[in-house]
Each structure stands twice: as C-alpha cells, then as structure tokens.
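Engineer: Dropping in query-v8.tsv, with TSV, C-alpha atoms.
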```
chain	number	residue	atom	x	y	z
A	281	MET	CA	-27.80	0.63	-18.53
A	282	PRO	CA	-30.67	-0.36	-16.22
A	283	ALA	CA	-29.81	-1.63	-12.72
A	284	LEU	CA	-28.86	-5.31	-12.67
A	285	PRO	CA	-31.12	-7.70	-10.77
A	286	LEU	CA	-29.85	-8.66	-7.32
A	287	ASP	CA	-28.71	-12.19	-8.27
A	288	GLU	CA	-26.69	-10.80	-11.18
A	289	ALA	CA	-25.30	-7.80	-9.29
A	290	GLY	CA	-24.45	-9.96	-6.27
A	291	LYS	CA	-21.87	-11.89	-8.28
A	292	TYR	CA	-20.04	-8.72	-9.29
A	293	VAL	CA	-20.16	-7.27	-5.77
A	294	ALA	CA	-18.89	-10.55	-4.30
A	295	ALA	CA	-16.11	-10.66	-6.90
A	296	ALA	CA	-14.98	-7.11	-6.04
A	297	TYR	CA	-14.89	-7.79	-2.30
A	298	LEU	CA	-13.14	-11.13	-2.88
A	299	VAL	CA	-10.45	-9.34	-4.89
A	300	PHE	CA	-9.84	-7.09	-1.90
A	301	LEU	CA	-9.74	-10.08	0.46
A	302	ALA	CA	-7.36	-11.92	-1.87
A	303	LEU	CA	-5.00	-8.93	-2.01
A	304	ILE	CA	-4.91	-8.74	1.79
A	305	LEU	CA	-4.34	-12.50	2.09
A	306	ILE	CA	-1.52	-12.43	-0.49
A	307	TYR	CA	0.06	-9.56	1.41
A	308	VAL	CA	-0.24	-11.47	4.70
A	309	ALA	CA	1.33	-14.54	3.04
A	310	ILE	CA	4.28	-12.43	1.82
A	311	MET	CA	4.66	-10.97	5.32
A	312	ALA	CA	4.62	-14.50	6.75
A	313	GLY	CA	7.47	-15.42	4.40
A	314	ARG	CA	9.43	-12.41	5.62
A	315	LEU	CA	8.75	-13.33	9.22
A	316	SER	CA	10.12	-16.82	8.68
A	317	ARG	CA	13.25	-15.28	7.13
A	318	ILE	CA	13.64	-13.02	10.19
A	319	GLU	CA	13.27	-16.10	12.39
A	320	LYS	CA	16.00	-17.86	10.39
A	321	ASP	CA	18.30	-14.84	10.73
A	322	LEU	CA	17.57	-14.71	14.44
A	323	GLN	CA	18.46	-18.39	14.75
A	324	GLU	CA	21.79	-17.77	12.98
A	325	VAL	CA	22.55	-14.81	15.26
A	326	THR	CA	21.77	-16.93	18.32
A	327	GLU	CA	24.09	-19.68	17.07
A	328	LEU	CA	26.87	-17.18	16.38
A	329	LEU	CA	26.46	-15.71	19.85
A	330	GLU	CA	26.52	-19.13	21.49
A	331	ARG	CA	29.65	-20.11	19.55
A	332	ARG	CA	31.34	-16.87	20.59
A	333	THR	CA	30.40	-17.39	24.25
A	334	GLU	CA	31.80	-20.94	24.13
A	335	ASP	CA	35.05	-19.69	22.56
A	336	GLU	CA	35.45	-17.12	25.33
A	337	ARG	CA	34.91	-19.76	28.03
A	338	GLU	CA	37.59	-22.11	26.66
A	339	PRO	CA	40.95	-21.77	28.47
A	340	VAL	CA	43.80	-20.38	26.39
A	341	ALA	CA	46.25	-23.17	25.49
A	342	SER	CA	49.87	-22.23	25.99
B	232	MET	CA	10.72	1.28	16.62
B	233	PHE	CA	7.94	0.82	14.08
B	234	GLY	CA	6.16	-1.89	16.02
B	235	ARG	CA	5.08	0.44	18.82
B	236	GLY	CA	1.29	0.68	19.08
B	237	LEU	CA	0.87	-1.74	16.19
B	238	LYS	CA	-1.35	-4.12	18.14
B	239	THR	CA	-3.84	-1.38	19.06
B	240	LEU	CA	-3.72	0.05	15.55
B	241	SER	CA	-4.36	-3.39	14.05
B	242	LEU	CA	-7.37	-3.98	16.30
B	243	ILE	CA	-8.85	-0.56	15.49
B	244	THR	CA	-8.29	-1.18	11.78
B	245	VAL	CA	-10.00	-4.58	11.86
B	246	ALA	CA	-12.93	-3.12	13.84
B	247	LEU	CA	-13.31	-0.25	11.38
B	248	ILE	CA	-13.07	-2.42	8.26
B	249	VAL	CA	-15.59	-4.92	9.64
B	250	GLY	CA	-17.82	-2.01	10.76
B	251	ALA	CA	-17.54	-0.39	7.34
B	252	PHE	CA	-18.51	-3.60	5.54
B	253	ALA	CA	-21.42	-4.08	7.95
B	254	LEU	CA	-22.60	-0.55	7.16
B	255	VAL	CA	-22.21	-1.22	3.43
B	256	PHE	CA	-24.41	-4.31	3.43
B	257	PHE	CA	-26.82	-3.68	6.31
B	258	TYR	CA	-27.18	0.08	6.67
B	259	ALA	CA	-26.53	1.96	3.42
B	260	PRO	CA	-29.54	1.83	1.08
B	261	ASN	CA	-29.29	0.55	-2.47
B	262	GLU	CA	-28.69	3.36	-4.91
B	263	ALA	CA	-31.79	4.20	-6.95
B	264	ASP	CA	-30.06	4.15	-10.33
B	265	GLN	CA	-27.50	1.33	-10.06
B	266	GLY	CA	-29.06	-0.79	-7.35
B	267	PHE	CA	-26.98	-3.35	-5.42
B	268	ILE	CA	-23.97	-3.07	-7.74
B	269	GLN	CA	-23.23	0.38	-6.29
B	270	LYS	CA	-21.94	-1.39	-3.13
B	271	ILE	CA	-18.62	-1.74	-4.98
B	272	PHE	CA	-18.28	2.04	-4.68
B	273	TYR	CA	-17.55	1.75	-0.91
B	274	LEU	CA	-14.54	-0.42	-1.69
B	275	HIS	CA	-13.33	0.92	-5.02
B	276	VAL	CA	-13.28	4.66	-4.22
B	277	PRO	CA	-11.50	4.39	-0.81
B	278	LEU	CA	-8.93	2.06	-2.42
B	279	ALA	CA	-8.25	4.62	-5.16
B	280	ILE	CA	-8.15	7.64	-2.81
B	281	VAL	CA	-5.86	5.94	-0.27
B	282	ALA	CA	-3.57	4.68	-3.05
B	283	LEU	CA	-3.23	8.21	-4.46
B	284	CYS	CA	-2.61	9.67	-0.98
B	285	GLY	CA	0.03	6.97	-0.44
B	286	PHE	CA	1.81	8.03	-3.62
B	287	VAL	CA	1.82	11.64	-2.38
B	288	ALA	CA	3.11	10.46	1.03
B	289	GLY	CA	5.92	8.65	-0.81
B	290	GLY	CA	6.84	11.98	-2.44
B	291	ILE	CA	6.78	13.80	0.90
B	292	TYR	CA	9.15	11.22	2.42
B	293	GLY	CA	11.27	11.62	-0.69
B	294	ILE	CA	11.60	15.35	0.10
B	295	LEU	CA	12.46	14.53	3.72
B	296	TYR	CA	15.12	12.08	2.55
B	297	LEU	CA	16.74	14.61	0.23
B	298	ARG	CA	16.69	17.24	2.98
B	299	SER	CA	18.07	15.08	5.77
B	300	GLY	CA	19.83	12.15	4.07
B	301	ASP	CA	18.15	9.89	6.63
B	302	ARG	CA	17.75	6.43	5.07
B	303	MET	CA	14.66	5.76	7.19
B	304	HIS	CA	12.79	8.36	5.11
B	305	ASP	CA	13.81	6.49	1.97
B	306	LEU	CA	12.46	3.30	3.50
B	307	ARG	CA	9.20	5.06	4.47
B	308	SER	CA	8.84	6.43	0.94
B	309	TYR	CA	9.56	3.01	-0.61
B	310	VAL	CA	7.03	1.20	1.58
B	311	ALA	CA	4.33	3.87	1.01
B	312	ILE	CA	4.71	3.58	-2.78
B	313	HIS	CA	4.91	-0.20	-2.63
B	314	LEU	CA	1.65	-0.41	-0.64
B	315	SER	CA	-0.05	2.18	-2.84
B	316	LEU	CA	0.74	0.04	-5.86
B	317	ILE	CA	-0.97	-2.92	-4.19
B	318	LEU	CA	-4.03	-0.79	-3.37
B	319	GLY	CA	-3.86	0.60	-6.91
B	320	VAL	CA	-4.17	-2.92	-8.31
B	321	GLY	CA	-7.22	-3.35	-6.07
B	322	ALA	CA	-8.74	-0.08	-7.29
B	323	LEU	CA	-8.19	-1.00	-10.95
B	324	VAL	CA	-9.62	-4.51	-10.63
B	325	THR	CA	-12.65	-3.51	-8.53
B	326	GLY	CA	-13.25	-0.56	-10.87
B	327	SER	CA	-13.14	-2.89	-13.84
B	328	ILE	CA	-15.68	-5.21	-12.22
B	329	TRP	CA	-17.93	-2.23	-11.44
B	330	ALA	CA	-17.57	-0.92	-15.01
B	331	LYS	CA	-18.53	-4.30	-16.47
B	332	ALA	CA	-21.61	-4.49	-14.26
B	333	SER	CA	-22.85	-0.94	-14.77
B	334	TRP	CA	-21.51	0.09	-18.20
B	335	GLY	CA	-21.26	-3.33	-19.83
B	336	VAL	CA	-17.51	-3.02	-20.53
B	337	TRP	CA	-14.44	-3.94	-18.46
B	338	TRP	CA	-12.63	-0.79	-19.50
B	339	THR	CA	-13.33	2.41	-21.42
B	340	TRP	CA	-10.62	4.67	-22.83
B	341	ASP	CA	-12.78	7.79	-23.14
B	342	GLU	CA	-13.24	8.24	-19.39
B	343	PRO	CA	-10.60	10.63	-17.93
B	344	THR	CA	-10.81	9.32	-14.33
B	345	LEU	CA	-10.01	5.76	-15.34
B	346	VAL	CA	-7.28	6.58	-17.83
B	347	SER	CA	-5.61	9.11	-15.53
B	348	PHE	CA	-5.54	6.60	-12.68
B	349	LEU	CA	-4.03	4.02	-15.00
B	350	ILE	CA	-1.37	6.54	-16.10
B	351	VAL	CA	-0.49	7.28	-12.46
B	352	PHE	CA	-0.39	3.56	-11.69
B	353	LEU	CA	1.85	2.78	-14.67
B	354	LEU	CA	4.10	5.69	-13.76
B	355	TYR	CA	4.60	4.26	-10.29
B	356	ALA	CA	5.00	0.77	-11.72
B	357	CYS	CA	8.38	2.08	-13.00
B	358	TYR	CA	9.50	2.92	-9.45
B	359	GLN	CA	10.62	-0.58	-8.46
B	360	PRO	CA	12.48	-1.31	-11.74
B	361	LEU	CA	14.18	2.09	-11.39
B	362	ARG	CA	15.40	1.21	-7.92
B	363	PHE	CA	16.44	-2.26	-9.03
B	364	SER	CA	18.47	-0.87	-11.91
B	365	ILE	CA	20.73	1.13	-9.57
B	366	GLU	CA	23.24	-0.88	-7.58
B	367	ASP	CA	24.78	1.81	-5.41
B	368	PRO	CA	22.41	2.20	-2.40
B	369	GLU	CA	23.13	5.93	-2.03
B	370	ARG	CA	22.37	6.70	-5.66
B	371	GLN	CA	19.42	4.35	-5.61
B	372	ALA	CA	17.87	6.23	-2.67
B	373	ARG	CA	18.56	9.66	-4.20
B	374	TYR	CA	17.16	8.86	-7.65
B	375	ALA	CA	14.15	7.10	-6.12
B	376	ALA	CA	13.45	10.16	-3.95
B	377	VAL	CA	13.56	12.46	-6.98
B	378	PHE	CA	11.23	10.11	-8.84
B	379	ALA	CA	8.84	9.94	-5.85
B	380	ILE	CA	8.74	13.76	-5.58
B	381	VAL	CA	8.10	14.39	-9.29
B	382	ALA	CA	5.54	11.61	-9.58
B	383	GLY	CA	3.98	12.66	-6.26
B	384	ALA	CA	3.49	16.19	-7.60
B	385	PHE	CA	1.89	14.69	-10.69
B	386	VAL	CA	-0.86	13.01	-8.62
B	387	PRO	CA	-2.72	16.18	-7.44
B	388	LEU	CA	-2.15	17.80	-10.86
B	389	ASN	CA	-3.71	14.78	-12.45
B	390	PHE	CA	-6.61	14.89	-10.00
B	391	MET	CA	-7.28	18.55	-10.81
B	392	ALA	CA	-7.07	17.89	-14.56
B	393	VAL	CA	-9.70	15.19	-14.24
B	394	ARG	CA	-11.90	17.50	-12.18
B	395	MET	CA	-11.71	20.10	-14.92
B	396	ALA	CA	-12.59	17.56	-17.60
B	397	GLN	CA	-16.29	17.47	-18.26
B	398	SER	CA	-17.65	13.96	-18.20
B	399	LEU	CA	-21.05	12.62	-17.40
B	400	VAL	CA	-20.05	8.98	-17.40
B	401	HIS	CA	-18.01	8.64	-14.21
B	402	PRO	CA	-19.86	9.75	-11.06
B	403	ARG	CA	-18.36	12.53	-8.90
B	404	VAL	CA	-18.16	11.50	-5.27
B	405	LEU	CA	-16.58	14.45	-3.52
B	406	SER	CA	-17.46	17.83	-4.90
B	407	THR	CA	-17.41	21.39	-3.64
B	408	THR	CA	-21.17	21.24	-3.31
B	409	GLY	CA	-20.90	18.21	-1.07
B	410	GLY	CA	-21.87	15.61	-3.65
B	411	SER	CA	-25.30	14.11	-3.90
B	412	MET	CA	-25.07	11.25	-1.44
B	413	PRO	CA	-27.70	10.91	1.26
B	414	GLY	CA	-26.51	10.92	4.90
B	415	SER	CA	-26.47	7.15	5.38
B	416	MET	CA	-24.42	6.61	2.23
B	417	ARG	CA	-22.06	9.45	3.15
B	418	LEU	CA	-21.48	8.00	6.63
B	419	THR	CA	-20.82	4.53	5.18
B	420	PHE	CA	-18.42	5.97	2.65
B	421	LEU	CA	-16.54	7.97	5.28
B	422	VAL	CA	-16.20	4.96	7.60
B	423	SER	CA	-14.95	2.88	4.63
B	424	LEU	CA	-12.47	5.60	3.71
B	425	ILE	CA	-11.13	5.92	7.27
B	426	GLY	CA	-10.96	2.12	7.54
B	427	MET	CA	-8.99	1.88	4.31
B	428	ALA	CA	-6.65	4.69	5.38
B	429	LEU	CA	-6.03	2.94	8.69
B	430	LEU	CA	-5.43	-0.34	6.86
B	431	PHE	CA	-2.79	1.43	4.78
B	432	VAL	CA	-1.09	2.89	7.87
B	433	THR	CA	-1.21	-0.48	9.66
B	434	LEU	CA	0.31	-2.41	6.74
B	435	TRP	CA	2.86	0.38	6.26
B	436	LYS	CA	3.95	0.07	9.87
B	437	TYR	CA	4.03	-3.73	9.63
B	438	GLU	CA	6.27	-3.62	6.60
B	439	LEU	CA	8.52	-0.96	8.11
B	440	ALA	CA	8.85	-3.00	11.32
B	441	SER	CA	9.63	-6.12	9.31
B	442	LYS	CA	12.26	-4.43	7.13
B	443	SER	CA	13.82	-2.60	10.06
B	444	ALA	CA	14.07	-5.87	12.05
B	445	THR	CA	15.66	-7.62	9.05
B	446	PHE	CA	18.29	-4.90	8.63
B	447	LYS	CA	19.11	-4.83	12.34
B	448	LEU	CA	19.44	-8.60	12.47
B	449	ARG	CA	21.70	-8.68	9.43
B	450	ALA	CA	23.88	-5.95	10.92
B	451	LEU	CA	24.10	-7.89	14.17
B	452	LYS	CA	24.97	-11.08	12.30
B	453	ARG	CA	27.77	-9.33	10.43
B	454	LYS	CA	29.07	-7.86	13.66
B	455	LEU	CA	29.05	-11.22	15.42
B	456	ALA	CA	30.71	-12.86	12.44
B	457	GLY	CA	33.56	-10.40	12.82
B	458	GLU	CA	32.85	-8.04	9.94
B	459	ASP	CA	32.93	-4.93	12.05
B	460	GLU	CA	33.74	-2.55	9.21
B	461	ILE	CA	30.90	-0.47	7.78
B	462	TRP	CA	29.19	-2.41	5.05
B	463	THR	CA	27.40	-0.47	2.36
B	464	GLY	CA	26.41	-2.94	-0.34
B	465	ASN	CA	23.31	-5.06	-0.70
B	466	PRO	CA	23.67	-8.76	0.16
B	467	ARG	CA	21.90	-9.34	-3.15
B	468	ARG	CA	20.67	-6.79	-5.62
B	469	SER	CA	17.30	-5.48	-4.50
B	470	ALA	CA	14.83	-2.69	-5.17
B	471	ALA	CA	14.27	-2.34	-1.42
B	472	PRO	CA	16.35	0.23	0.46
B	473	THR	CA	19.18	-0.82	2.74
B	474	LEU	CA	19.78	0.88	6.05
```
Let's see the structure in the file written out as structure tokens.

Structural biologist:
Amino acid sequence: MPALPLDEAGKYVAAAYLVFLALILIYVAIMAGRLSRIEKDLQEVTELLERRTEDEREPVAS
Amino acid sequence: MFGRGLKTLSLITVALIVGAFALVFFYAPNEADQGFIQKIFYLHVPLAIVALCGFVAGGIYGILYLRSGDRMHDLRSYVAIHLSLILGVGALVTGSIWAKASWGVWWTWDEPTLVSFLIVFLLYACYQPLRFSIEDPERQARYAAVFAIVAGAFVPLNFMAVRMAQSLVHPRVLSTTGGSMPGSMRLTFLVSLIGMALLFVTLWKYELASKSATFKLRALKRKLAGEDEIWTGNPRRSAAPTL
C-alpha cells in the first residue's frame, strides 16, 4: 500500500498514542482505588489502636 | 520496602517517556515507505518487547519462588505477568491500528509475528483464572510458578520460531546485521524502548509497594483485633497472592 497522506495517517498515529495514554490512565485510576482502600484500612487500624489505648488507660474495676 | 527510590525512578521514567515522544515527533524522520504512520512503530514495538520480557521475568521469579518458597517472589512474578498483560493489550491494539493504516486490515492470520504474539498473550490470559481457581494460597503460588516458568520458556522459543519463519510482510527491527534503521531512527527507538522498560519497572514497583502495604496493614489489623494466630486464608477469594 502507498504511504497514507499526513491528515489520514495522523488520525491513526493519534489513536495509537491515545490508546497508550488511556491504558496508563486506567492503570492510575485502579491504583488510586487501591490507595483509597489502603487509606480505609489505615483508618481502621488507627481506630483499633486508639480503642486499645483507651481500654488500657481505664482503671480496673474490682 | 518496594517504595524506596520510587520517586526518583518515576521522575526519570516521565522524563524519558516525554523525551522519547519528543524524539518521535520532532527528531526522527518520516520513513520513506510508510511515511508518518511509521511513528506508531516507536510505541508498538517497545510495548511488545517489554511485555515479552515481563513474561520472562515472571518465569524467573517463578523459579526463585520454587527454589526458596519466599512468597515475595510469587508476588513479584504475579505483578510482572499482570503488567505484561496490560502492555500486551497495548501492543495488540496499537499493532492493529498500524496494520489497518499500512496493510488495510486490522488483523492478518498469515503473519507469524502477530499470531505468535497473540498466542503468547492468550496463554498468559489463562494465568489469572488459573490462580483464581485455586483456593489454597500455597498451592496457588506453586501452580502459578510452574505455569509462569513453562510459559516463560515458551516466549523465547516462540521468538526464535518467528525469526526462522520467512516473511516479507512484517518488518524486522532488530537483526543480527543491525537492521536497516538510520541513526536518528535507531536512537529514537532505543530511547523509546528504555523509556518503556523503565515505565514497566516503575509500575511494577508501585504495584508491589501497594500490595505489600495492603498485606502489612491487614496483618496489623488482625493483630490489633486480637487474632494473633497465623492466618493463611484469603479474606476473599482472589487471584492475587497473599503474603
């Protein structure tokens, strides 16, 4: 096949590079979801630790 | 600690990728035969090469896992294969776009390079379902390692088979004679390839750091909640390894 004219070829080249960009962005979005889950886990751990510290501070009732 | 040096690595990766794309569009000349459409080559070929190398890396970590029993190697293998699959999708889609523009078809079944890459990709597409189908984490890791090794060995064999096949349709990029690229194109291609390889390593480290942090946090949560005994099961069934 003869070489495509620039305006025609440009569309294909742009599409290929956009596919790459889209893949990276999807990956980053998935990683962001994971990060928010880590944050949630961290929050739960902090709450558990605070509860435990409070329990230790309370005087033992006899 | 997978996060060590990640900031520097990320910055170098971004600089290289941006530099590579700048070279592609402002430095490398248009190819005489294909014209502007050949610019896809600087994206498509590094994607395919890095994906294949990632599959092989997954196999190497599989060997290390079987030798040592260290679950971190299983995690490294899993993440390498997982990322290679993503890059593989990129290579297939960009290759299809390039094929449509230069050959007039989205796909051709009589071209060994394309079909062999698809076979490798489909082979690795079975990796995640295989892991998911096994509930016991120990067995899951062992079977996945064996799969990664066998499939990883298949990748270079496949590459050699394609090299031996005589075809005039798909261009040869790297040959023993050094290919036929002029210096500017070669430099652009090499920068793109290094950029893509660094992108792979960066994302690999990101994912490892993320998974490792998740596992450590969950372990800490269980410990704080009073479940001090060793816990071996998955919180929910998953293809991802558990540490």

Engineer: Can you build me a table of chain B residues sitting at most 8 Å from chain A, with the closest atom pair per residue and its distance in Å to one decimal, using only C-alpha atoms, sorted by chain and residue number, as JSON lines?

Structural biologist:
```
{"residue": "B:Asp264", "atom": "CA", "partner": "A:Ala283", "partner_atom": "CA", "distance": 6.3}
{"residue": "B:Gln265", "atom": "CA", "partner": "A:Ala283", "partner_atom": "CA", "distance": 4.6}
{"residue": "B:Gly266", "atom": "CA", "partner": "A:Ala283", "partner_atom": "CA", "distance": 5.5}
{"residue": "B:Phe267", "atom": "CA", "partner": "A:Ala289", "partner_atom": "CA", "distance": 6.1}
{"residue": "B:Ile268", "atom": "CA", "partner": "A:Ala289", "partner_atom": "CA", "distance": 5.2}
{"residue": "B:Lys270", "atom": "CA", "partner": "A:Val293", "partner_atom": "CA", "distance": 6.7}
{"residue": "B:Ile271", "atom": "CA", "partner": "A:Val293", "partner_atom": "CA", "distance": 5.8}
{"residue": "B:Leu274", "atom": "CA", "partner": "A:Tyr297", "partner_atom": "CA", "distance": 7.4}
{"residue": "B:Ile317", "atom": "CA", "partner": "A:Leu303", "partner_atom": "CA", "distance": 7.6}
{"residue": "B:Gly321", "atom": "CA", "partner": "A:Phe300", "partner_atom": "CA", "distance": 6.2}
{"residue": "B:Val324", "atom": "CA", "partner": "A:Ala296", "partner_atom": "CA", "distance": 7.5}
{"residue": "B:Thr325", "atom": "CA", "partner": "A:Ala296", "partner_atom": "CA", "distance": 5.0}
{"residue": "B:Ile328", "atom": "CA", "partner": "A:Tyr292", "partner_atom": "CA", "distance": 6.3}
{"residue": "B:Trp329", "atom": "CA", "partner": "A:Tyr292", "partner_atom": "CA", "distance": 7.2}
{"residue": "B:Ala332", "atom": "CA", "partner": "A:Tyr292", "partner_atom": "CA", "distance": 6.7}
{"residue": "B:Ser333", "atom": "CA", "partner": "A:Met281", "partner_atom": "CA", "distance": 6.4}
{"residue": "B:Trp334", "atom": "CA", "partner": "A:Met281", "partner_atom": "CA", "distance": 6.3}
{"residue": "B:Gly335", "atom": "CA", "partner": "A:Met281", "partner_atom": "CA", "distance": 7.8}
{"residue": "B:Glu438", "atom": "CA", "partner": "A:Met311", "partner_atom": "CA", "distance": 7.6}
{"residue": "B:Ser441", "atom": "CA", "partner": "A:Leu315", "partner_atom": "CA", "distance": 7.3}
{"residue": "B:Ala444", "atom": "CA", "partner": "A:Ile318", "partner_atom": "CA", "distance": 7.4}
{"residue": "B:Thr445", "atom": "CA", "partner": "A:Ile318", "partner_atom": "CA", "distance": 5.9}
{"residue": "B:Leu448", "atom": "CA", "partner": "A:Asp321", "partner_atom": "CA", "distance": 6.6}
{"residue": "B:Arg449", "atom": "CA", "partner": "A:Asp321", "partner_atom": "CA", "distance": 7.2}
{"residue": "B:Leu451", "atom": "CA", "partner": "A:Val325", "partner_atom": "CA", "distance": 7.2}
{"residue": "B:Lys452", "atom": "CA", "partner": "A:Val325", "partner_atom": "CA", "distance": 5.3}
{"residue": "B:Leu455", "atom": "CA", "partner": "A:Leu328", "partner_atom": "CA", "distance": 6.4}
{"residue": "B:Ala456", "atom": "CA", "partner": "A:Leu328", "partner_atom": "CA", "distance": 7.0}
```

Engineer: Find, counting only C-alpha atoms, the residue in B:Ala375, B:Asp367, B:Phe272, B:Leu388 that gets nearest to B:Ala330.

Structural biologist: B:Phe272

Engineer: Near stretch 430-432 of chain B, counting all atoms listed in the file, which residues have an atom at most 6 Å away, once you skip same-chain residues fewer than 3 positions from it, shown as a ChimeraX atom specification?

Structural biologist: /B:244,427,435

Engineer: Between atom CA of B:Ile294 and atom CA of B:Leu316, measure the distance and give it in Å to one decimal.

Structural biologist: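 Interatomic distance here is 19.7 Å.
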
Engineer: Quick one: distance from atom CA of B:Glu366 to atom CA of A:Lys320 in Å, one decimal?

Structural biologist: 25.8 Å

Engineer: Which distance in Å separates atom CA of B:Met303 and atom CA of B:Ile243, to one decimal?

Structural biologist: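 Atom-to-atom, atom CA of B:Met303 and atom CA of B:Ile243 are spaced 25.7 Å apart.
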
Engineer: Neighbours of B:Leu237 within 9 Å (all atoms listed in the file; same-chain residues fewer than 4 positions away dropped), as a count of residues only?

Structural biologist: 6

Engineer: Which one is closest to B:Leu318: B:Met395, B:Leu254, B:Ala428, B:Ile350? Count only C-alpha atoms.

Structural biologist: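 Answer, going by the shortest atom-to-atom distance: B:Ala428.
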
Engineer: Do a neighbour search on B:Leu314 at 9 Å with only C-alpha atoms, toss out local chain neighbours closer than 5 positions, and write the hits as a list in words.

Structural biologist: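 Final neighbour list, sorted by chain and number: Ala282, Gly285, Phe286, Tyr309, Gly319, Phe431, Leu434 and Trp435 of chain B.
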
Engineer: Would you mind exporting the chosen residues as a PDB file, in the coordinates of the input, restricted to C-alpha atoms?

Structural biologist:
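Saved file selection.pdb follows:
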```pdb
ATOM      1  CA  ALA B 282      -3.570   4.680  -3.050  1.00  0.00           C
ATOM      2  CA  GLY B 285       0.030   6.970  -0.440  1.00  0.00           C
ATOM      3  CA  PHE B 286       1.810   8.030  -3.620  1.00  0.00           C
ATOM      4  CA  TYR B 309       9.560   3.010  -0.610  1.00  0.00           C
ATOM      5  CA  GLY B 319      -3.860   0.600  -6.910  1.00  0.00           C
ATOM      6  CA  PHE B 431      -2.790   1.430   4.780  1.00  0.00           C
ATOM      7  CA  LEU B 434       0.310  -2.410   6.740  1.00  0.00           C
ATOM      8  CA  TRP B 435       2.860   0.380   6.260  1.00  0.00           C
TER       9      TRP B 435
END
```

Engineer: Between B:Ala263, B:Leu247, B:Leu297, B:Val393, which is the closest to B:Ala372 once you count only C-alpha atoms?

Structural biologist: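 Nearest to B:Ala372: B:Leu297.
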
Engineer: Neighbouring residues of B:Ser364 were defined as those with any atom within 9 Å, considering only C-alpha atoms; residues of the same chain fewer than 3 positions away were excluded. Please report them as a list of chain:residue names.

Structural biologist: B:Gln359, B:Pro360, B:Leu361, B:Gln371, B:Arg468, B:Ser469, B:Ala470

Engineer: Emit stretch 373-395 of chain B of the structure in the block as a file comprising N, CA and C atoms, as a short mmCIF file (atom, residue, chain, number, x, y, z; two decimals), in the first residue's frame.

Structural biologist:
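Final output, saved to out.cif:
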```cif
data_model
loop_
_atom_site.label_atom_id
_atom_site.label_comp_id
_atom_site.auth_asym_id
_atom_site.auth_seq_id
_atom_site.Cartn_x
_atom_site.Cartn_y
_atom_site.Cartn_z
N ARG B 373 2.34 -22.22 44.04
CA ARG B 373 3.19 -23.25 43.42
C ARG B 373 2.77 -23.51 41.97
N TYR B 374 1.47 -23.70 41.78
CA TYR B 374 0.99 -23.96 40.41
C TYR B 374 1.23 -22.76 39.50
N ALA B 375 1.03 -21.57 40.05
CA ALA B 375 1.24 -20.35 39.25
C ALA B 375 2.71 -20.22 38.86
N ALA B 376 3.61 -20.61 39.77
CA ALA B 376 5.05 -20.53 39.48
C ALA B 376 5.41 -21.50 38.35
N VAL B 377 4.84 -22.71 38.41
CA VAL B 377 5.11 -23.70 37.36
C VAL B 377 4.60 -23.19 36.01
N PHE B 378 3.40 -22.63 36.04
CA PHE B 378 2.82 -22.05 34.82
C PHE B 378 3.73 -20.95 34.28
N ALA B 379 4.16 -20.05 35.17
CA ALA B 379 5.00 -18.90 34.76
C ALA B 379 6.31 -19.37 34.15
N ILE B 380 6.89 -20.45 34.70
CA ILE B 380 8.17 -20.96 34.19
C ILE B 380 7.98 -21.57 32.79
N VAL B 381 6.96 -22.43 32.67
CA VAL B 381 6.73 -23.11 31.37
C VAL B 381 6.37 -22.08 30.30
N ALA B 382 5.46 -21.19 30.63
CA ALA B 382 5.05 -20.17 29.66
C ALA B 382 6.20 -19.20 29.38
N GLY B 383 6.99 -18.91 30.41
CA GLY B 383 8.15 -18.02 30.24
C GLY B 383 9.18 -18.62 29.30
N ALA B 384 9.35 -19.94 29.37
CA ALA B 384 10.29 -20.62 28.46
C ALA B 384 9.75 -20.62 27.03
N PHE B 385 8.42 -20.59 26.92
CA PHE B 385 7.79 -20.59 25.61
C PHE B 385 8.03 -19.28 24.85
N VAL B 386 8.20 -18.18 25.60
CA VAL B 386 8.35 -16.86 24.97
C VAL B 386 9.59 -16.78 24.07
N PRO B 387 10.81 -17.08 24.57
CA PRO B 387 11.98 -17.03 23.67
C PRO B 387 11.91 -18.07 22.55
N LEU B 388 11.32 -19.24 22.84
CA LEU B 388 11.17 -20.28 21.81
C LEU B 388 10.30 -19.75 20.67
N ASN B 389 9.24 -19.09 21.08
CA ASN B 389 8.31 -18.50 20.15
C ASN B 389 8.98 -17.41 19.30
N PHE B 390 9.79 -16.62 19.97
CA PHE B 390 10.52 -15.53 19.31
C PHE B 390 11.47 -16.11 18.25
N MET B 391 12.17 -17.19 18.62
CA MET B 391 13.11 -17.81 17.68
C MET B 391 12.37 -18.44 16.49
N ALA B 392 11.21 -19.05 16.79
CA ALA B 392 10.43 -19.68 15.73
C ALA B 392 9.98 -18.64 14.70
N VAL B 393 9.60 -17.48 15.21
CA VAL B 393 9.16 -16.41 14.31
C VAL B 393 10.34 -15.91 13.48
N ARG B 394 11.50 -15.82 14.13
CA ARG B 394 12.71 -15.37 13.42
C ARG B 394 13.03 -16.31 12.25
N MET B 395 12.82 -17.60 12.52
CA MET B 395 13.16 -18.59 11.49
C MET B 395 12.13 -18.57 10.35
#
```
